[in-house]
Amino acid sequence: MARPEDALVTEITPQSEDFSRWYLDVVRRAELADYTPVKGCMAIRPYGYAIWELIQQDLDRRFKATGHVNAYFPLFIPESLIMREAEHVEGFAPQVAWVTKGGAEELEEKLVVRPTSEAIFGTMYSRWIQSWRDLPLLINQWANVVRWEKVTRPFLRTTEFLWQEGHTAHETEAEAQEETLRMLGVYKAFAEEVLAMPVLDGQKSESEKFAGAARTYSIEALMGDGRALQAGTSHFLGQNFAKAFEIRFQGRDKTLQYAWTTSWGVSTRLIGGLIMTHGDDSGLILPPRVAPYQVVIVPIQRGNWQETVLPHAQQVRDALQAAGIRVFLDAREEYTPGWKFAEWEMRGVPVRLEIGPKDIEKGQVVLVRRDTRAKAAASRDGLPAHVTALLDEVQRALLDRARAFRDDHTSRVERWEEFVSIMEGRPGFVVARWCGNAECEATIKAETQATIRNLPFEQVPGGPCIRCDRPAITDARFAKAY
RNA sequence: CGGGGCGUGGCUCAGCCUGGUAGAGCACUCGGUUCGGGACCGAGGGGUCGGAGGUUCAAAUCCUCUCGCCCCGACCA
C-alpha cells in the first residue's frame with residue numbers, strides 16, 4: 001500500500017498551484033533534476049540527462065538528414081557584436097549576464113554570456129561567406145545559453161539551459177523562408193513522433209516574435225493543466241542580421257548581395273513539456289522513444305531466487321537487449337518488488353516486466369504498461385518481438401491520448417464573453433479572429449492573461465476581431481502560457 | 001521588481017503566539033525475518049534551527065537587517 005506521506009498530489013487538478021506542486025515533485029522524485037546553490041540554475045541528474053541525450057540523438061539525425069552539420073561557437077560575446085542589431089540588443093539587454101573582469105583585470109570591452117548566438121554566428125558567417133557557391137551554409141550547435149530570468153522553474157525556465165541552435169544563411173529570400181518552415185516541420189514531426197506531444201504550428205504575432213527576426217514561427221503544446229508551452233521556434237531573419245554583420249556574397253549575377261538568414265532552436269524545456277503532457281498521479285510517463293529504460297525487469301525475490309529466478313531474468317534481459325530494447329534488470333536485493341514497481345512508475349518506464357517462480361514454471365513473464373497499467377502474461381517464446389510491438393503501441397497510445405486531450409481543450413470562439421469564461425474556467429487553446437492590432441492583443445492579455453500563441457497557417461476568413469470588433473485579418477490561437 | 005507565504009537532520013514537517021535540556025515520520029547504518037503493489041522487528045548515526053546583528057541571566061522562539069525558496073502579477077525557450 002502506498003503510504004500517504006509518499007503519495008503525490010492525489011489528483012492532477014487544473015489549478016496551477018497543485019499542478020505546479022505536482023510538477024516539482026515529479027522532477028525531484030523521478031530524479032530528473034535538482035536545485036543547486038547557483039540561483040536559478042538546476043543540476044540535470046543522470047536520469048534526466050539520459051532523456052536529453054535521446055532527444056539529441058534523434059534530433060541530430062533529423063538535422064543531418066536535412067543537410068545540416070554541427071559546430072561550436074564561443075560562450076562569450078563582445079559587447080560591440082551584440083550591439084550591432086538594434087532590435088536584437090533591445091530584446092535581450094534585460095536578460096544578459098555580463099563579464100566585466102578577467103582575473104584581476106577590468107576588461108576593456110565587456111563580454112556577454114550568450115543568451116543566443118546570432119551575433120557570433122553572424123560575425124563568423126561574414127568571414128566564411130564570399131560567393132553564392134558558399135551558400136547555403138547550414139550549421140547547428142549544441143550548447144548552453146544564459147538568460148537572467150526573474151522567475152525560474154526546472155526545465156521550463158532556468159537561468160542557464162541546454163539547447164540546440166541552428167543558424168543558416170541562404171542565397172534567396174525564398175530559400176531562407178523555406179528553410180525556416182522546413183525546420184519548424186522537423187520540430188513538429190519530432191515532437192509528435194518521438195515525444196508523443198501534439199503541437200500546433202503557426203506564426204508568432206509581431207509582439208511575440210524573436211528580437212531581430214522578420215518572422216517567427218513556433219510549435220505550441222498543451223500541458224495537463226490547460227496552459228500552453230512554446231516547445232520550439234524557427235525564425236526567418238530576413239536580411240536583418242546579414243546587414244548588421246555584413247554577411248555578403250557575390251551572386252550569380254556578379255552583384256554583391258546580403259544573405260538571407262534563419263535560426264531555430266529547441267531546448268531542455270522539451271523535457272518539462274514531456275512531464276506535463278504525459279505525467280499522472282504516480283509520476284512521470286515516458287514515451288518509449290525517449291525512455292532511458294524502455295523495460296525494467298523486476299525479479300520476484302522468493303526463496304533461493306538468486307539461483308531459481310535471477311538466471312531467467314538475465315536471459316530475458318539479454319534477449320530483449322539483443323533486439324535493441326533499452327532494458328534494465330533491477331536485481332537490487334534491498335528493495336521489495338512493490339517498492340520497485342512504485343519507483344519505476346515514478347520514473348516513467350513504459351513497460352515493467354515481472355518474472356517470478358510461477359512465471360518460470362509456465363514459460364512466461366508478466367508485462368505491465370505504464371500508461372494504462374494493463375497487466376498481461378506473455379510467452380517467453382517470441383518475447384522481443386512482442387515487447388517491441390507493445391512499446392510501439394504505448395508510443396502510439398500516448399500520442400492519441402495527448403491529442404484527444406488537446407482537442408478536447410481547444411475551442412473556436414466567436415463571442416468575447418465566451419472567450420473570457422473559457423480563460424476563467426477550463427483553460428486551453430481558444431481559436432478566434434483577431435484584428436492584428438498589438439494594443440488589442442495587449443488588452444486581451446491584461447484582461448484574461450491569455451496571449452496569442454501563434455497564428456494558424458489555415459485561416460477561416462471574414463468576421464470581426466474577437467475583442468475590438470474591427471475587421472479581423474487573421475485567426476489566432478490564444479492560451480495562458482508558461 | 002511589487003503583493004503574499006515559508007526557511008528547523010537527506011526529505012516532509014511539529015515546536016515559535018506565551019523565551020528555559022532540539023522533536024516526529026520517512027530516508028540512512030548494522031543484525032535478523034521477508035519479498036507477485038512502496039515489508040516487519042531490534043539496535044544505531046546524523047541538526048551551532050538559512051545568515052548577521054540586537055534584546056535577555058537565557059533565543060529555534062522576541063526585534064532589525066540580509067540571503068534563499070514557493071505562490072500570484074509585469075519579462076521570457
# chains A, B, ... in the order shown; residues from 1 in each chain; ligands from 1

$ interface_residues --of "chain B" --to "chain A" --cutoff "7 Å" --atoms "only C-alpha atoms (C1' of nucleotides)" --output "list in words"
C35, G36, G37, G38, C76 and A77 of chain B

$ residues_around --residues "A:Gln57" --least-positions-apart "2" --cutoff "12 Å" --atoms "only C-alpha atoms (C1' of nucleotides)" --output "MDAnalysis selection string"
chainID A and resid 50:55 59:64 142 164 190 194 289:290

$ residues_around --residues "stretch 52-56 of chain B" --least-positions-apart "2" --cutoff "10 Å" --atoms "only C-alpha atoms (C1' of nucleotides)" --output "PDB file with C-alpha atoms (C1' of nucleotides), in the first residue's frame"
ATOM      1  C1'   G B  19      11.930  32.605  25.623  1.00  0.00           C
ATOM      2  C1'   A B  58      18.872  32.591  28.935  1.00  0.00           C
ATOM      3  C1'   A B  59      16.795  32.939  21.812  1.00  0.00           C
ATOM      4  C1'   C B  62      11.176  38.417  20.527  1.00  0.00           C
ATOM      5  C1'   C B  63      13.393  42.804  17.359  1.00  0.00           C
ATOM      6  C1'   U B  64      16.389  44.692  12.992  1.00  0.00           C
ATOM      7  C1'   C B  65      18.881  43.704   8.621  1.00  0.00           C
ATOM      8  C1'   U B  66      20.171  40.196   4.930  1.00  0.00           C
TER       9        U B  66
END

$ closest_residue --among "A:Ala476, A:Ala71, A:Ile466, A:Ala402" --to "A:Asn140" --atoms "only C-alpha atoms"
A:Ala71

$ residues_around --residues "B:A43" --least-positions-apart "6" --cutoff "12 Å" --atoms "only C-alpha atoms (C1' of nucleotides)" --output "list in words"
U29, C30, G31 and G32 of chain B

$ closest_residue --among "B:A74, B:C69, B:A27, B:C16" --to "A:Thr36" --atoms "only C-alpha atoms (C1' of nucleotides)"
B:C69

$ atom_distance --atom1 "atom CA of A:Arg332" --atom2 "atom CA of A:Ser379"
24.8 Å

$ residues_around --residues "A:Ala242" --least-positions-apart "6" --cutoff "9 Å" --atoms "only C-alpha atoms (C1' of nucleotides)" --output "ChimeraX atom specification"
/A:122,125-126,169,248,258-261

$ write_last_selection --atoms "C-alpha atoms" --output "short mmCIF file (atom, residue, chain, number, x, y, z; two decimals), in the first residue's frame"
data_model
loop_
_atom_site.label_atom_id
_atom_site.label_comp_id
_atom_site.auth_asym_id
_atom_site.auth_seq_id
_atom_site.Cartn_x
_atom_site.Cartn_y
_atom_site.Cartn_z
CA GLY A 122 26.76 36.32 -37.95
CA TYR A 125 29.48 33.85 -41.36
CA SER A 126 30.56 37.23 -42.71
CA ALA A 169 22.46 31.56 -44.50
CA ARG A 248 27.56 39.46 -48.11
CA TYR A 258 23.21 40.35 -48.44
CA ALA A 259 22.48 36.80 -47.42
CA TRP A 260 19.12 35.71 -46.03
CA THR A 261 19.43 34.01 -42.68
#
